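Chemist: My structure is below; once you've seen it, I'll send some questions.
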Amino acid sequence: MSFLVMGECVADIVRAPGAADVVHPGGSPANVAFGLARLGRETTLLTQLADDAPGRLIAEHLTGAGVRLAIGGVPERTPAAVVSLDGEGRAAYAFDLVWTLAAEEPPATPHPIRHVHLGSIAAVTGPGAATVLALTRRLRATATVSYDPNVRPALMGEHGTAVARVEECVALADLVKASDEDLAWLHPGEPPEAVAARWLALGPAVVLVTRGGEGSLAVTRQHTVAAGAPAVTVADTVGAGDSFMSAVLDALAGRDRDRLAALGADELAGLLARAGAAAAVTVSRSGARPPDRAELAAALAGLPDRAVTSGRGS
């Protein structure tokens, strides 16, 4: 099966106290595509890249992992984000980004597209978001869909409009992953479980909530399952949620909507353990560098005994 990820590539200029700036390939959707390819999944990224030094760096990074690039327009410059790290490695972002993705047809892939992932800036920022949503609506007849809002407040515009755009994407998805920080901005003061329940009513079968060092949460119509986070020394948190997302999609590859809706509590616990281990590998090193399958297996072997999904979907 083929995965199609739609969204932005960003040159992350990582700025830490007392250190020189370092440029890493980034962008949440690009990170998810990279993570899937690192896990051996056939993955195409529909994106925009300029023919400049950051664009070439990002293209080499992605294709080196096996990601197939489909370019839906060439901007004047590759989008950039200054990623400022605090003393504990937590990231804050400032963006220079224009999103004008244009594509009337889905990209050609070696095998039929069976899963579509969208999210972040690309799903809510015009005019390119219209292309992302139109292609998602077209493809979801034969493919499952996942969504990660990956909220960037500086780019979201007026709050009510942003919430409506996010929930339009939620309604298209079968699986949604959001951080507790995303939910706190979208719905201040509401418990994550309450937001997840409301999102389930819009259509998804599964809502996942990441909570940093506090672990993660999986909510379906039948179950609510919580998992702790592995103990790890944090280099930085860049790409942790994207690594979590790619590990989830890898583990669930090949499941149709009915099978997603039927996930049991043990399966959800294993899914969270697997995705949390992937995120732990990523935060243990600088930049959005998700594990390959061998690294993930090693991380899982170090966890306490628990149910863990195999990640070998059909």
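Chain labels A, B, ... are given in the sequence in which chains occur in the structure tokens; within each chain residues are numbered consecutively from 1, and ligands are likewise numbered from 1 in the order shown.
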Applying 12 Å and only C-alpha atoms, which residues near Gly35 of chain A remain after dropping the ones on its own chain fewer than 3 positions away? List them as a ChimeraX atom specification.
Modeler: /A:3,5,26,28-32,38-45,61-67,239-250,275,278-279,281-282,288-293,295-296
Chemist: With distances taken over only C-alpha atoms, which of A:Thr136, A:Thr224, A:Ser2, A:Ser179 is nearest to His115 of chain A?
Modeler: A:Ser2
Chemist: Kindly give the distance, in Å, that separates atom CA of Gly264 of chain A and atom CA of Ala226 of chain A, rounded to a single decimal.
Modeler: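 If I compute the distance from atom CA of Gly264 of chain A to atom CA of Ala226 of chain A, I get 13.1 Å.
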Chemist: Just want the 12 Å neighbourhood of Ala70 of chain A, counted on only C-alpha atoms, with same-chain residues fewer than 6 positions away dropped. Output as a ChimeraX atom specification.
Modeler: /A:4-9,30,43-49,59,62-63,101-103,105-109
Chemist: When you look at Val82 of chain A with a cut-off of 12 Å (counting only C-alpha atoms), what residues show up, excluding the ones that are within fewer than 3 positions of it in the same chain? I need them as a list in words.
Modeler: Val10, Ala11, Asp12, Ile13, Val14, Arg15, Ala16, Asp21, Val22, Val23, His24, Pro25, Gly26, Gly27, Pro79, Leu85, Ala91, Ala92, Tyr93, Ala94, Phe95, Asp96, Leu97 and Val238 of chain A
Chemist: How would the residues just picked look written out with C-alpha atoms as a PDB file, in the first residue's frame?
Modeler:
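File written: result.pdb
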```pdb
ATOM      1  CA  VAL A  10      10.195  23.914   6.456  1.00  0.00           C
ATOM      2  CA  ALA A  11      13.843  24.695   7.114  1.00  0.00           C
ATOM      3  CA  ASP A  12      14.063  24.611  10.922  1.00  0.00           C
ATOM      4  CA  ILE A  13      16.699  27.067  12.145  1.00  0.00           C
ATOM      5  CA  VAL A  14      17.306  25.676  15.624  1.00  0.00           C
ATOM      6  CA  ARG A  15      18.503  28.288  18.108  1.00  0.00           C
ATOM      7  CA  ALA A  16      19.603  27.156  21.573  1.00  0.00           C
ATOM      8  CA  ASP A  21      22.264  28.149  14.911  1.00  0.00           C
ATOM      9  CA  VAL A  22      21.782  24.784  13.215  1.00  0.00           C
ATOM     10  CA  VAL A  23      19.529  24.209  10.183  1.00  0.00           C
ATOM     11  CA  HIS A  24      17.483  20.987  10.147  1.00  0.00           C
ATOM     12  CA  PRO A  25      14.966  19.767   7.540  1.00  0.00           C
ATOM     13  CA  GLY A  26      11.496  20.099   9.073  1.00  0.00           C
ATOM     14  CA  GLY A  27       7.808  20.780   8.645  1.00  0.00           C
ATOM     15  CA  PRO A  79       9.638  28.212   4.110  1.00  0.00           C
ATOM     16  CA  LEU A  85      14.875  26.109  22.506  1.00  0.00           C
ATOM     17  CA  ALA A  91      10.669  24.525  21.263  1.00  0.00           C
ATOM     18  CA  ALA A  92       8.945  27.789  20.300  1.00  0.00           C
ATOM     19  CA  TYR A  93       8.492  28.694  16.613  1.00  0.00           C
ATOM     20  CA  ALA A  94       8.547  31.849  14.457  1.00  0.00           C
ATOM     21  CA  PHE A  95       7.649  31.311  10.785  1.00  0.00           C
ATOM     22  CA  ASP A  96       8.398  32.751   7.360  1.00  0.00           C
ATOM     23  CA  LEU A  97       6.005  30.734   5.203  1.00  0.00           C
ATOM     24  CA  VAL A 238      11.530  19.031  17.744  1.00  0.00           C
TER      25      VAL A 238
END
```
Chemist: Quick one: residues within 7 Å of Ala277 of chain A, only C-alpha atoms, excluding same-chain residues fewer than 3 positions away - as a list in words?
Modeler: Pro230, Ala273, Arg274, Ala280, Val281, Leu296, Ala299 and Leu300 of chain A
Chemist: Using only C-alpha atoms, pick whichever of A:Ala154, A:Val116, A:Ala235, A:His111 has the shortest atom-to-atom distance to Arg285 of chain A.
Modeler: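 Answer, going by the shortest atom-to-atom distance: A:Ala235.
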